[in-house]
>>> print(open('start-v8.cif').read())   # mmCIF, C-alpha atoms (C1' of nucleotides)
data_coords
#
loop_
_atom_site.label_atom_id
_atom_site.label_comp_id
_atom_site.auth_asym_id
_atom_site.auth_seq_id
_atom_site.Cartn_x
_atom_site.Cartn_y
_atom_site.Cartn_z
CA MET C 44 -12.78 0.83 -13.73
CA SER C 45 -15.76 -1.07 -12.49
CA PRO C 46 -18.84 -0.35 -14.59
CA ALA C 47 -21.53 0.49 -12.09
CA ALA C 48 -19.62 0.76 -8.84
CA ASN C 49 -20.41 3.85 -6.87
CA ILE C 50 -16.87 4.00 -5.53
CA SER C 51 -13.56 2.49 -6.54
CA ALA C 52 -12.36 -0.84 -5.27
CA ASP C 53 -9.68 0.89 -3.22
CA ASP C 54 -12.13 3.28 -1.64
CA ALA C 55 -14.47 0.43 -0.84
CA ARG C 56 -11.69 -1.53 0.80
CA ARG C 57 -10.66 1.46 2.86
CA ALA C 58 -14.24 2.11 3.93
CA VAL C 59 -14.72 -1.51 4.95
CA LEU C 60 -11.49 -1.65 6.95
CA GLN C 61 -12.29 1.58 8.71
CA ALA C 62 -15.79 0.43 9.60
CA ALA C 63 -14.43 -2.94 10.70
CA ASP C 64 -11.92 -1.24 12.95
CA GLU C 65 -14.42 1.00 14.65
CA LEU C 66 -16.97 -1.77 15.10
CA PHE C 67 -14.76 -4.70 16.07
CA TYR C 68 -12.70 -2.61 18.47
CA ALA C 69 -15.72 -1.07 20.17
CA HIS C 70 -17.98 -4.13 20.36
CA GLY C 71 -15.75 -7.14 19.92
CA ILE C 72 -15.85 -9.55 17.02
CA GLY C 73 -18.91 -11.40 18.28
CA GLY C 74 -20.71 -8.15 18.90
CA VAL C 75 -20.58 -7.09 15.27
CA VAL C 76 -22.76 -8.55 12.53
CA MET C 77 -21.94 -8.29 8.87
CA SER C 78 -24.82 -5.94 8.19
CA ASP C 79 -23.31 -3.53 10.72
CA VAL C 80 -20.19 -3.44 8.59
CA ARG C 81 -22.31 -2.82 5.51
CA ASP C 82 -24.27 -0.03 7.17
CA SER C 83 -21.20 1.62 8.62
CA SER C 84 -19.05 1.38 5.50
CA GLY C 85 -21.75 1.94 2.90
CA VAL C 86 -20.41 -1.04 0.96
CA SER C 87 -23.08 -3.49 -0.14
CA MET C 88 -23.20 -7.09 1.04
CA ARG C 89 -22.39 -8.19 -2.45
CA ARG C 90 -19.14 -6.20 -2.63
CA LEU C 91 -18.30 -6.98 0.98
CA TYR C 92 -18.41 -10.71 0.31
CA ALA C 93 -16.61 -10.25 -3.01
CA MET C 94 -13.76 -8.60 -1.11
CA TYR C 95 -13.74 -10.87 1.93
CA PRO C 96 -15.45 -14.22 1.37
CA SER C 97 -16.30 -14.65 5.05
CA LYS C 98 -16.46 -12.78 8.30
CA SER C 99 -13.42 -14.72 9.41
CA GLU C 100 -11.37 -13.36 6.51
CA LEU C 101 -12.58 -9.85 7.23
CA VAL C 102 -11.42 -10.28 10.81
CA ALA C 103 -8.00 -11.42 9.60
CA ALA C 104 -7.73 -8.42 7.29
CA TRP C 105 -8.78 -6.13 10.13
CA LEU C 106 -6.15 -7.55 12.52
CA THR C 107 -3.43 -7.24 9.91
CA ASP C 108 -4.43 -3.68 9.09
CA ARG C 109 -4.70 -2.73 12.74
CA HIS C 110 -1.26 -4.13 13.43
CA ASP C 111 0.25 -1.90 10.77
CA ARG C 112 -1.53 1.21 11.93
CA TRP C 113 -0.97 0.62 15.62
CA MET C 114 2.74 0.00 15.25
CA THR C 115 3.08 3.09 13.10
CA TRP C 116 1.25 5.18 15.66
CA PHE C 117 3.17 3.72 18.58
CA THR C 118 6.55 4.24 16.96
CA ALA C 119 5.76 7.85 16.16
CA ALA C 120 4.32 8.56 19.60
CA VAL C 121 7.37 7.13 21.34
CA GLU C 122 9.74 9.15 19.15
CA ARG C 123 7.76 12.26 19.92
CA HIS C 124 8.31 11.73 23.64
CA VAL C 125 11.94 10.85 23.10
CA ALA C 126 12.39 14.10 21.21
CA GLY C 127 11.02 15.80 24.31
CA GLY C 128 13.86 14.35 26.32
CA ALA C 129 12.41 11.12 27.72
CA ASP C 130 14.32 7.88 28.03
CA PRO C 131 13.18 5.76 25.08
CA LEU C 132 11.93 2.96 27.29
CA LEU C 133 10.02 5.24 29.62
CA ALA C 134 8.66 7.07 26.60
CA THR C 135 6.72 3.93 25.74
CA PHE C 136 4.65 4.46 28.86
CA ASP C 137 4.02 8.06 27.91
CA ALA C 138 2.80 6.93 24.50
CA ILE C 139 0.51 4.30 26.02
CA GLY C 140 -0.71 7.00 28.40
CA GLU C 141 -1.99 9.07 25.50
CA TRP C 142 -3.82 6.08 24.13
CA VAL C 143 -5.40 5.03 27.41
CA ALA C 144 -6.71 8.53 27.99
CA ALA C 145 -8.20 8.84 24.51
CA PRO C 146 -11.97 8.56 24.18
CA GLY C 147 -13.16 5.14 23.10
CA TYR C 148 -10.17 3.38 24.62
CA ARG C 149 -11.02 -0.26 25.16
CA GLY C 150 -7.68 -1.99 25.64
CA CYS C 151 -5.60 -3.90 23.13
CA ALA C 152 -7.59 -5.16 20.15
CA PHE C 153 -5.33 -8.20 19.88
CA ILE C 154 -5.65 -9.22 23.51
CA ASN C 155 -9.39 -8.66 23.33
CA SER C 156 -9.75 -10.68 20.17
CA LEU C 157 -7.76 -13.57 21.57
CA ALA C 158 -10.30 -13.87 24.35
CA GLU C 159 -13.12 -14.45 21.86
CA THR C 160 -12.12 -18.04 21.35
CA SER C 161 -15.19 -19.08 19.47
CA GLU C 162 -14.61 -16.48 16.77
CA LEU C 163 -10.96 -17.28 16.12
CA THR C 164 -9.00 -19.58 13.87
CA ASP C 165 -5.35 -20.46 14.10
CA SER C 166 -4.47 -17.94 11.45
CA HIS C 167 -5.98 -15.19 13.60
CA ARG C 168 -3.95 -16.41 16.54
CA THR C 169 -0.83 -16.25 14.43
CA ILE C 170 -1.48 -12.63 13.52
CA ILE C 171 -2.00 -11.80 17.19
CA ALA C 172 1.19 -13.52 18.33
CA ASP C 173 3.14 -11.86 15.51
CA HIS C 174 1.84 -8.49 16.63
CA LYS C 175 3.17 -9.03 20.14
CA ARG C 176 6.44 -10.38 18.79
CA ASP C 177 6.85 -7.19 16.81
CA LEU C 178 6.22 -5.17 19.93
CA VAL C 179 8.95 -7.04 21.81
CA HIS C 180 11.27 -6.56 18.85
CA HIS C 181 10.58 -2.84 18.77
CA LEU C 182 11.21 -2.58 22.51
CA ALA C 183 14.50 -4.39 22.06
CA GLY C 184 15.49 -1.75 19.52
CA LEU C 185 14.62 1.03 21.94
CA ALA C 186 16.52 -0.67 24.75
CA ALA C 187 19.59 -0.97 22.58
CA ARG C 188 19.71 2.78 22.11
CA ASP C 189 20.32 3.93 25.68
CA HIS C 190 20.87 0.75 27.66
CA HIS C 191 23.54 -1.06 25.79
CA ASP C 192 24.19 -3.66 28.47
CA ALA C 193 20.61 -4.35 29.46
CA PRO C 194 19.84 -7.93 30.46
CA GLU C 195 18.39 -10.18 27.81
CA TRP C 196 15.05 -10.40 29.53
CA LEU C 197 14.43 -6.64 29.53
CA PRO C 198 12.46 -6.28 26.27
CA ALA C 199 10.22 -9.24 27.06
CA ALA C 200 9.66 -7.93 30.58
CA LEU C 201 8.78 -4.48 29.30
CA ALA C 202 6.29 -5.97 26.86
CA VAL C 203 4.69 -7.87 29.73
CA ILE C 204 4.46 -4.70 31.81
CA ILE C 205 3.04 -2.66 28.94
CA ASP C 206 0.40 -5.28 28.18
CA GLY C 207 -0.47 -5.57 31.84
CA ALA C 208 -0.93 -1.82 32.05
CA ILE C 209 -3.07 -1.78 28.91
CA VAL C 210 -5.29 -4.47 30.40
CA GLN C 211 -5.59 -3.04 33.89
CA CYS C 212 -6.29 0.47 32.67
CA THR C 213 -9.20 -1.06 30.79
CA ILE C 214 -10.48 -3.01 33.77
CA PHE C 215 -10.29 -0.08 36.16
CA ALA C 216 -11.11 2.60 33.60
CA SER C 217 -8.18 4.51 35.03
CA THR C 218 -4.63 5.49 34.15
CA GLU C 219 -3.41 4.68 37.65
CA PRO C 220 -2.11 1.17 36.82
CA LEU C 221 -0.05 2.70 34.02
CA ALA C 222 1.45 5.25 36.41
CA ALA C 223 2.37 2.52 38.91
CA ALA C 224 3.94 0.46 36.14
CA ARG C 225 5.90 3.44 34.92
CA SER C 226 7.22 4.09 38.42
CA ALA C 227 8.36 0.50 38.70
CA VAL C 228 10.10 0.61 35.33
CA ARG C 229 11.82 3.89 36.15
CA GLN C 230 13.18 2.40 39.33
CA LEU C 231 14.19 -0.76 37.50
CA LEU C 232 16.00 1.16 34.76
CA GLU C 233 18.07 3.00 37.36
CA THR C 234 19.67 -0.32 38.23
CA ILE C 235 20.57 -1.06 34.63
CA PRO C 236 23.86 0.23 33.24
CA ALA C 237 23.48 2.64 30.34
CA MET A 759 -36.56 -31.97 49.76
CA SER A 760 -37.80 -31.45 46.27
CA PRO A 761 -40.39 -34.05 45.33
CA ALA A 762 -39.20 -35.47 42.04
CA ALA A 763 -35.71 -34.01 41.70
CA ASN A 764 -33.05 -36.50 40.75
CA ILE A 765 -30.48 -34.61 42.76
CA SER A 766 -30.62 -32.04 45.53
CA ALA A 767 -30.73 -28.34 44.87
CA ASP A 768 -27.21 -27.98 46.25
CA ASP A 769 -25.84 -30.72 44.05
CA ALA A 770 -27.55 -29.24 41.03
CA ARG A 771 -26.08 -25.84 41.76
CA ARG A 772 -22.62 -27.32 42.16
CA ALA A 773 -22.95 -29.28 38.92
CA VAL A 774 -24.09 -26.19 37.02
CA LEU A 775 -21.29 -24.01 38.36
CA GLN A 776 -18.69 -26.64 37.57
CA ALA A 777 -20.00 -27.10 34.04
CA ALA A 778 -20.19 -23.34 33.59
CA ASP A 779 -16.60 -22.96 34.71
CA GLU A 780 -15.23 -25.59 32.37
CA LEU A 781 -17.24 -24.36 29.42
CA PHE A 782 -16.99 -20.59 29.83
CA TYR A 783 -13.28 -20.73 30.60
CA ALA A 784 -12.46 -23.01 27.68
CA HIS A 785 -14.70 -21.48 25.02
CA GLY A 786 -15.56 -18.00 26.22
CA ILE A 787 -19.02 -16.80 27.16
CA GLY A 788 -20.17 -16.36 23.59
CA GLY A 789 -18.87 -19.78 22.68
CA VAL A 790 -21.14 -21.58 25.12
CA VAL A 791 -24.87 -22.10 24.62
CA MET A 792 -27.24 -22.90 27.40
CA SER A 793 -27.84 -26.41 26.18
CA ASP A 794 -24.09 -27.05 26.52
CA VAL A 795 -24.44 -26.21 30.19
CA ARG A 796 -27.40 -28.54 30.46
CA ASP A 797 -25.59 -31.38 28.71
CA SER A 798 -22.40 -30.93 30.69
CA SER A 799 -24.07 -30.52 34.09
CA GLY A 800 -26.92 -32.97 33.62
CA VAL A 801 -29.30 -30.36 34.99
CA SER A 802 -32.41 -29.84 32.90
CA MET A 803 -33.26 -26.57 31.19
CA ARG A 804 -36.15 -26.17 33.55
CA ARG A 805 -34.03 -26.36 36.69
CA LEU A 806 -31.25 -24.36 35.09
CA TYR A 807 -33.60 -21.46 34.42
CA ALA A 808 -35.23 -21.88 37.83
CA MET A 809 -31.79 -21.40 39.39
CA TYR A 810 -30.50 -18.66 37.08
CA PRO A 811 -33.24 -16.83 35.20
CA SER A 812 -30.95 -15.89 32.32
CA LYS A 813 -27.58 -16.68 30.83
CA SER A 814 -26.40 -13.32 32.06
CA GLU A 815 -27.16 -14.25 35.67
CA LEU A 816 -25.42 -17.58 35.23
CA VAL A 817 -22.37 -15.73 33.96
CA ALA A 818 -22.46 -13.46 37.01
CA ALA A 819 -22.71 -16.46 39.33
CA TRP A 820 -19.84 -18.12 37.49
CA LEU A 821 -17.59 -15.05 37.80
CA THR A 822 -18.34 -14.71 41.50
CA ASP A 823 -17.69 -18.38 42.11
CA ARG A 824 -14.51 -18.33 40.07
CA HIS A 825 -13.23 -15.34 41.99
CA ASP A 826 -13.63 -17.19 45.27
CA ARG A 827 -11.98 -20.34 44.03
CA TRP A 828 -9.14 -18.60 42.22
CA MET A 829 -8.21 -16.41 45.16
CA THR A 830 -8.27 -19.42 47.45
CA TRP A 831 -6.05 -21.36 45.12
CA PHE A 832 -3.68 -18.43 44.57
CA THR A 833 -3.32 -17.69 48.26
CA ALA A 834 -2.53 -21.30 49.05
CA ALA A 835 -0.10 -21.68 46.15
CA VAL A 836 1.81 -18.56 47.16
CA GLU A 837 2.03 -19.70 50.77
CA ARG A 838 3.31 -23.05 49.62
CA HIS A 839 6.18 -21.36 47.80
CA VAL A 840 6.82 -19.02 50.70
CA ALA A 841 7.08 -22.04 52.98
CA GLY A 842 9.75 -23.30 50.60
CA GLY A 843 11.79 -20.18 51.29
CA ALA A 844 10.74 -17.81 48.51
CA ASP A 845 10.21 -14.10 48.95
CA PRO A 846 6.43 -13.66 49.20
CA LEU A 847 6.31 -11.31 46.22
CA LEU A 848 8.43 -13.52 44.00
CA ALA A 849 6.40 -16.49 45.15
CA THR A 850 3.43 -15.02 43.31
CA PHE A 851 5.28 -15.64 40.06
CA ASP A 852 5.99 -19.21 41.06
CA ALA A 853 2.31 -19.73 41.76
CA ILE A 854 1.30 -18.24 38.41
CA GLY A 855 3.94 -20.45 36.81
CA GLU A 856 2.13 -23.56 38.02
CA TRP A 857 -1.11 -22.29 36.58
CA VAL A 858 0.31 -21.29 33.21
CA ALA A 859 1.88 -24.70 32.78
CA ALA A 860 -1.27 -26.59 33.69
CA PRO A 861 -3.20 -28.24 30.86
CA GLY A 862 -6.16 -26.24 29.64
CA TYR A 863 -4.59 -22.92 30.66
CA ARG A 864 -6.26 -20.14 28.73
CA GLY A 865 -5.34 -16.97 30.60
CA CYS A 866 -7.36 -15.04 33.14
CA ALA A 867 -11.09 -15.71 32.97
CA PHE A 868 -11.83 -12.16 34.08
CA ILE A 869 -9.63 -10.48 31.49
CA ASN A 870 -11.02 -12.79 28.84
CA SER A 871 -14.60 -12.11 29.83
CA LEU A 872 -14.08 -8.37 29.83
CA ALA A 873 -13.10 -8.59 26.17
CA GLU A 874 -16.46 -10.11 25.26
CA THR A 875 -18.16 -6.74 25.40
CA SER A 876 -21.37 -7.83 23.78
CA GLU A 877 -22.01 -10.46 26.46
CA LEU A 878 -21.40 -8.23 29.47
CA THR A 879 -23.45 -5.97 31.66
CA ASP A 880 -22.21 -3.42 34.15
CA SER A 881 -22.69 -5.83 36.99
CA HIS A 882 -20.32 -8.27 35.32
CA ARG A 883 -17.80 -5.50 34.90
CA THR A 884 -18.09 -4.69 38.58
CA ILE A 885 -17.33 -8.29 39.53
CA ILE A 886 -14.29 -8.25 37.25
CA ALA A 887 -12.92 -4.99 38.63
CA ASP A 888 -13.52 -6.21 42.20
CA HIS A 889 -11.57 -9.36 41.43
CA LYS A 890 -8.56 -7.35 40.33
CA ARG A 891 -8.92 -4.99 43.28
CA ASP A 892 -8.78 -8.01 45.58
CA LEU A 893 -5.63 -9.18 43.83
CA VAL A 894 -3.95 -5.80 44.40
CA HIS A 895 -5.07 -5.88 48.01
CA HIS A 896 -3.65 -9.35 48.50
CA LEU A 897 -0.35 -8.28 46.93
CA ALA A 898 -0.21 -5.30 49.28
CA GLY A 899 -0.53 -7.72 52.19
CA LEU A 900 2.34 -9.82 50.85
CA ALA A 901 4.49 -6.74 50.29
CA ALA A 902 3.91 -5.60 53.85
CA ARG A 903 5.35 -8.83 55.19
CA ASP A 904 8.93 -8.56 53.94
CA HIS A 905 9.19 -5.10 52.41
CA HIS A 906 7.96 -2.81 55.07
CA ASP A 907 9.07 0.39 53.37
CA ALA A 908 8.06 -0.47 49.83
CA PRO A 909 6.81 2.44 47.71
CA GLU A 910 3.07 2.92 47.50
CA TRP A 911 2.93 1.95 43.87
CA LEU A 912 4.48 -1.47 44.37
CA PRO A 913 1.31 -3.58 44.78
CA ALA A 914 -0.40 -1.96 41.80
CA ALA A 915 2.74 -2.40 39.71
CA LEU A 916 3.02 -6.05 40.67
CA ALA A 917 -0.59 -6.62 39.73
CA VAL A 918 0.08 -5.04 36.34
CA ILE A 919 3.12 -7.25 35.82
CA ILE A 920 1.28 -10.41 36.88
CA ASP A 921 -1.64 -9.67 34.57
CA GLY A 922 0.72 -8.88 31.73
CA ALA A 923 2.48 -12.18 32.24
CA ILE A 924 -0.82 -14.07 32.37
CA VAL A 925 -1.85 -12.49 29.09
CA GLN A 926 1.42 -12.91 27.25
CA CYS A 927 1.86 -16.51 28.33
CA THR A 928 -1.52 -17.12 26.73
CA ILE A 929 -0.64 -15.30 23.51
CA PHE A 930 2.70 -17.03 23.08
CA ALA A 931 1.63 -20.35 24.62
CA SER A 932 4.86 -20.18 26.58
CA THR A 933 6.10 -19.53 30.10
CA GLU A 934 8.92 -17.35 28.85
CA PRO A 935 7.14 -14.00 29.40
CA LEU A 936 6.53 -15.03 33.00
CA ALA A 937 10.21 -15.82 33.48
CA ALA A 938 11.23 -12.45 32.04
CA ALA A 939 8.74 -10.69 34.30
CA ARG A 940 10.02 -12.57 37.31
CA SER A 941 13.58 -11.55 36.51
CA ALA A 942 12.54 -7.94 36.29
CA VAL A 943 10.69 -8.09 39.60
CA ARG A 944 13.59 -9.81 41.32
CA GLN A 945 15.92 -7.06 40.18
CA LEU A 946 13.39 -4.42 41.17
CA LEU A 947 12.93 -5.87 44.65
CA GLU A 948 16.66 -5.75 45.29
CA THR A 949 16.43 -1.97 45.16
CA ILE A 950 13.63 -1.87 47.72
CA PRO A 951 14.53 -1.76 51.42
CA ALA A 952 13.28 -4.73 53.41
"C1'" DT G 935 -30.36 1.83 -29.48
"C1'" DT G 936 -29.50 -2.75 -27.84
"C1'" DG G 937 -27.85 -6.69 -25.46
"C1'" DA G 938 -24.60 -8.36 -22.01
"C1'" DC G 939 -23.14 -7.43 -17.76
"C1'" DA G 940 -21.89 -5.66 -13.03
"C1'" DC G 941 -23.88 -3.64 -9.47
"C1'" DG G 942 -26.91 -2.18 -5.09
"C1'" DA G 943 -30.80 -3.00 -2.25
"C1'" DG G 944 -32.54 -5.94 0.39
"C1'" DA G 945 -35.31 -10.34 0.69
"C1'" DA G 946 -34.57 -15.25 1.34
"C1'" DT G 947 -32.31 -19.23 3.43
"C1'" DG G 948 -30.85 -22.26 6.75
"C1'" DA G 949 -28.58 -22.48 11.01
"C1'" DT G 950 -28.14 -21.26 15.81
"C1'" DC G 951 -29.54 -19.37 20.22
"C1'" DG G 952 -31.94 -17.86 24.53
"C1'" DT G 953 -35.97 -18.83 26.58
"C1'" DT G 954 -40.51 -20.93 27.26
"C1'" DC G 955 -43.89 -24.44 26.86
"C1'" DT G 956 -46.01 -29.18 26.62
"C1'" DC G 957 -46.59 -33.56 28.03
"C1'" DG G 958 -45.91 -37.73 30.29
"C1'" DT G 959 -44.23 -39.50 34.65
"C1'" DA G 960 -42.89 -40.01 39.33
"C1'" DT G 961 -43.65 -38.43 44.05
"C1'" DC G 962 -46.04 -36.79 48.09
"C1'" DG G 963 -49.72 -36.13 51.49
"C1'" DT G 964 -53.84 -38.07 52.62
"C1'" DA P 1250 -55.03 -45.76 45.90
"C1'" DC P 1251 -55.75 -40.65 44.23
"C1'" DG P 1252 -55.39 -35.95 43.08
"C1'" DA P 1253 -52.17 -32.21 43.10
"C1'" DT P 1254 -47.79 -31.08 42.02
"C1'" DA P 1255 -42.88 -30.73 40.56
"C1'" DC P 1256 -40.01 -32.53 37.50
"C1'" DG P 1257 -37.20 -34.06 33.03
"C1'" DA P 1258 -37.03 -34.49 28.16
"C1'" DG P 1259 -37.12 -32.17 24.54
"C1'" DA P 1260 -40.12 -29.67 21.16
"C1'" DA P 1261 -41.45 -25.06 20.11
"C1'" DC P 1262 -40.90 -20.06 19.53
"C1'" DG P 1263 -39.11 -15.86 18.04
"C1'" DA P 1264 -34.96 -13.53 17.31
"C1'" DT P 1265 -30.54 -13.11 15.20
"C1'" DC P 1266 -26.83 -14.23 12.10
"C1'" DA P 1267 -23.71 -15.50 8.11
"C1'" DT P 1268 -24.27 -16.10 3.63
"C1'" DT P 1269 -26.63 -16.31 -0.88
"C1'" DC P 1270 -29.97 -15.05 -4.21
"C1'" DT P 1271 -33.26 -12.14 -6.92
"C1'" DC P 1272 -34.51 -8.38 -9.29
"C1'" DG P 1273 -34.44 -3.96 -11.16
"C1'" DT P 1274 -31.16 -0.44 -12.76
"C1'" DG P 1275 -27.37 1.83 -14.75
"C1'" DT P 1276 -23.26 1.23 -17.84
"C1'" DC P 1277 -20.51 -0.21 -21.58
"C1'" DA P 1278 -19.20 -1.79 -26.38
"C1'" DA P 1279 -20.99 -2.08 -30.83
#
>>> encode(input="start-v8.cif", output="structure tokens")
Amino acid sequence: MSPAANISADDARRAVLQAADELFYAHGIGGVVMSDVRDSSGVSMRRLYAMYPSKSELVAAWLTDRHDRWMTWFTAAVERHVAGGADPLLATFDAIGEWVAAPGYRGCAFINSLAETSELTDSHRTIIADHKRDLVHHLAGLAARDHHDAPEWLPAALAVIIDGAIVQCTIFASTEPLAAARSAVRQLLETIPA
Amino acid sequence: MSPAANISADDARRAVLQAADELFYAHGIGGVVMSDVRDSSGVSMRRLYAMYPSKSELVAAWLTDRHDRWMTWFTAAVERHVAGGADPLLATFDAIGEWVAAPGYRGCAFINSLAETSELTDSHRTIIADHKRDLVHHLAGLAARDHHDAPEWLPAALAVIIDGAIVQCTIFASTEPLAAARSAVRQLLETIPA
DNA sequence: TTGACACGAGAATGATCGTTCTCGTATCGT
DNA sequence: ACGATACGAGAACGATCATTCTCGTGTCAA
């Protein structure tokens, strides 16, 4: 174990990623300075830079970590609503509804980050695109469960609608866009053979 | 007229707004420094600050100007497609398709700006929300033309879908999400009485 | 106990940025 | 032609930031 470290390397990494998540999500990448991460995580500059040699690499680690946690949360939330009797595809809107209504909601971290062009490298953009690809893939899996003969475009269209709702709920600080989107999808799904 | 000004106040304002639009849209607010605006517009720091007393006020002027120009463009593009025989609501997707395919496309300036939390004030957020409200309002007008008995939620849902497509086409650098969204809307509209 | 070492705290560095200021010049009314 | 003035060019200022460095301390092996 490290001689004079106050906490283990694992604990330090966890603390940094948690601080990074809270700060970057709330204030945007450009709105967070490295000393904020130090102050919020309790990990010294020296260890911070030993772990992540630049802010850019910390951002990449944050995006990767957030992808994992968000997908895990989303999957579980959807299954919870499905267990309550919802159609799997409509359940995605119920899950997003929980998120949008939660305190501190500020839209999709990946969409937000992509807008901060000056802070991003191509490897960040790859992580972001992969995140959305995974979402489409997950939606395709859900569609396959109850709507066996759904058109090819359905998962991609649902991903578009979900992202649009996430964005508009942020802009209007309201869940109304999500409700309208859910109504549209319900009506659309009625036309699709099960 | 101003004694020693190289160009008129109107020309200077136009040059600044055009430079601001190109720079802020391409690089984000945080990615543009005031001297970039000076270099790109040819308007000196002194006049720049005489016109807009802070970067924040320049950003507000840019957003307001962009709203006007974007809505004008969008309205005209939709009407052009309607004149070609398209359903007014589907024509919105054709119009967005032109935009997405244009060089330099980088998504919606308002959505992008909203993500740059640390650069924004409440008055910027108001301009952004008003822009999206105007879009919904415009869509409601289009819906009223051919779909007289459309459900209340239709314009809001279409706005969600359009914004989602704008965002996802940016993320994937592709027009495929827009095509999927258009397919979904076409199918949805078939279920709505004219 | 002692020397080598890894660490934390936080100062230092060098760059960048928003904003203001200086200075030399060109213009206007007279 | 002359003083007052408004301007452009760009230096200056003060703040902030990413990143690195210093220094004093605690820890380990022997």
>>> closest_atom_pairs(input="start-v8.cif", of="chain P", to="chain C", cutoff="9 Å", atoms="all atoms listed in the file", output="JSON lines")
{"residue": "P:DC1266", "atom": "C1'", "partner": "C:Val76", "partner_atom": "CA", "distance": 7.0}
{"residue": "P:DA1267", "atom": "C1'", "partner": "C:Met77", "partner_atom": "CA", "distance": 7.5}
{"residue": "P:DT1268", "atom": "C1'", "partner": "C:Ser97", "partner_atom": "CA", "distance": 8.2}
{"residue": "P:DG1275", "atom": "C1'", "partner": "C:Ala47", "partner_atom": "CA", "distance": 6.6}
{"residue": "P:DT1276", "atom": "C1'", "partner": "C:Pro46", "partner_atom": "CA", "distance": 5.7}
{"residue": "P:DC1277", "atom": "C1'", "partner": "C:Pro46", "partner_atom": "CA", "distance": 7.2}
>>> atom_distance(input="start-v8.cif", atom1="CA of Leu185 (chain C)", atom2="CA of Val858 (chain A)")
28.8 Å
>>> resolve_selection(input="start-v8.cif", expression="the PyMOL selection byres ((chain P and resi 1265) around 9)", output="short mmCIF file (atom, residue, chain, number, x, y, z; two decimals) with C-alpha atoms (C1' of nucleotides), in the frame of the given file")
data_model
loop_
_atom_site.label_atom_id
_atom_site.label_comp_id
_atom_site.auth_asym_id
_atom_site.auth_seq_id
_atom_site.Cartn_x
_atom_site.Cartn_y
_atom_site.Cartn_z
"C1'" DT G 950 -28.14 -21.26 15.81
"C1'" DC G 951 -29.54 -19.37 20.22
"C1'" DA P 1264 -34.96 -13.53 17.31
"C1'" DC P 1266 -26.83 -14.23 12.10
#
>>> residues_around(input="start-v8.cif", residues="region 866-878 of chain A", least_positions_apart="6", cutoff="9 Å", atoms="all atoms listed in the file", output="mmCIF file with C-alpha atoms, in the coordinates of the input")
data_model
loop_
_atom_site.group_PDB
_atom_site.id
_atom_site.type_symbol
_atom_site.label_atom_id
_atom_site.label_comp_id
_atom_site.auth_asym_id
_atom_site.auth_seq_id
_atom_site.Cartn_x
_atom_site.Cartn_y
_atom_site.Cartn_z
ATOM 1 C CA ALA C 69 -15.720 -1.070 20.170
ATOM 2 C CA HIS C 70 -17.980 -4.130 20.360
ATOM 3 C CA GLY C 71 -15.750 -7.140 19.920
ATOM 4 C CA ILE C 72 -15.850 -9.550 17.020
ATOM 5 C CA GLY C 73 -18.910 -11.400 18.280
ATOM 6 C CA GLY C 74 -20.710 -8.150 18.900
ATOM 7 C CA VAL C 75 -20.580 -7.090 15.270
ATOM 8 C CA ARG C 149 -11.020 -0.260 25.160
ATOM 9 C CA GLY C 150 -7.680 -1.990 25.640
ATOM 10 C CA ALA C 152 -7.590 -5.160 20.150
ATOM 11 C CA ILE C 154 -5.650 -9.220 23.510
ATOM 12 C CA ASN C 155 -9.390 -8.660 23.330
ATOM 13 C CA SER C 156 -9.750 -10.680 20.170
ATOM 14 C CA LEU C 157 -7.760 -13.570 21.570
ATOM 15 C CA ALA C 158 -10.300 -13.870 24.350
ATOM 16 C CA GLU C 159 -13.120 -14.450 21.860
ATOM 17 C CA VAL C 210 -5.290 -4.470 30.400
ATOM 18 C CA GLN C 211 -5.590 -3.040 33.890
ATOM 19 C CA THR C 213 -9.200 -1.060 30.790
ATOM 20 C CA ILE C 214 -10.480 -3.010 33.770
ATOM 21 C CA PHE A 782 -16.990 -20.590 29.830
ATOM 22 C CA TYR A 783 -13.280 -20.730 30.600
ATOM 23 C CA GLY A 786 -15.560 -18.000 26.220
ATOM 24 C CA ILE A 787 -19.020 -16.800 27.160
ATOM 25 C CA GLY A 788 -20.170 -16.360 23.590
ATOM 26 C CA SER A 814 -26.400 -13.320 32.060
ATOM 27 C CA VAL A 817 -22.370 -15.730 33.960
ATOM 28 C CA LEU A 821 -17.590 -15.050 37.800
ATOM 29 C CA ARG A 824 -14.510 -18.330 40.070
ATOM 30 C CA HIS A 825 -13.230 -15.340 41.990
ATOM 31 C CA ILE A 885 -17.330 -8.290 39.530
ATOM 32 C CA ILE A 886 -14.290 -8.250 37.250
ATOM 33 C CA ALA A 887 -12.920 -4.990 38.630
ATOM 34 C CA HIS A 889 -11.570 -9.360 41.430
ATOM 35 C CA LYS A 890 -8.560 -7.350 40.330
ATOM 36 C CA ASP A 921 -1.640 -9.670 34.570
ATOM 37 C CA ILE A 924 -0.820 -14.070 32.370
ATOM 38 C CA VAL A 925 -1.850 -12.490 29.090
ATOM 39 C CA THR A 928 -1.520 -17.120 26.730
#
>>> axis_aligned_box(input="start-v8.cif", around="region 120-136 of chain C", padding_each_side="3 Å", output="JSON")
{"center_x": 9.3, "center_y": 9.4, "center_z": 24.4, "size_x": 16.0, "size_y": 18.8, "size_z": 16.5}
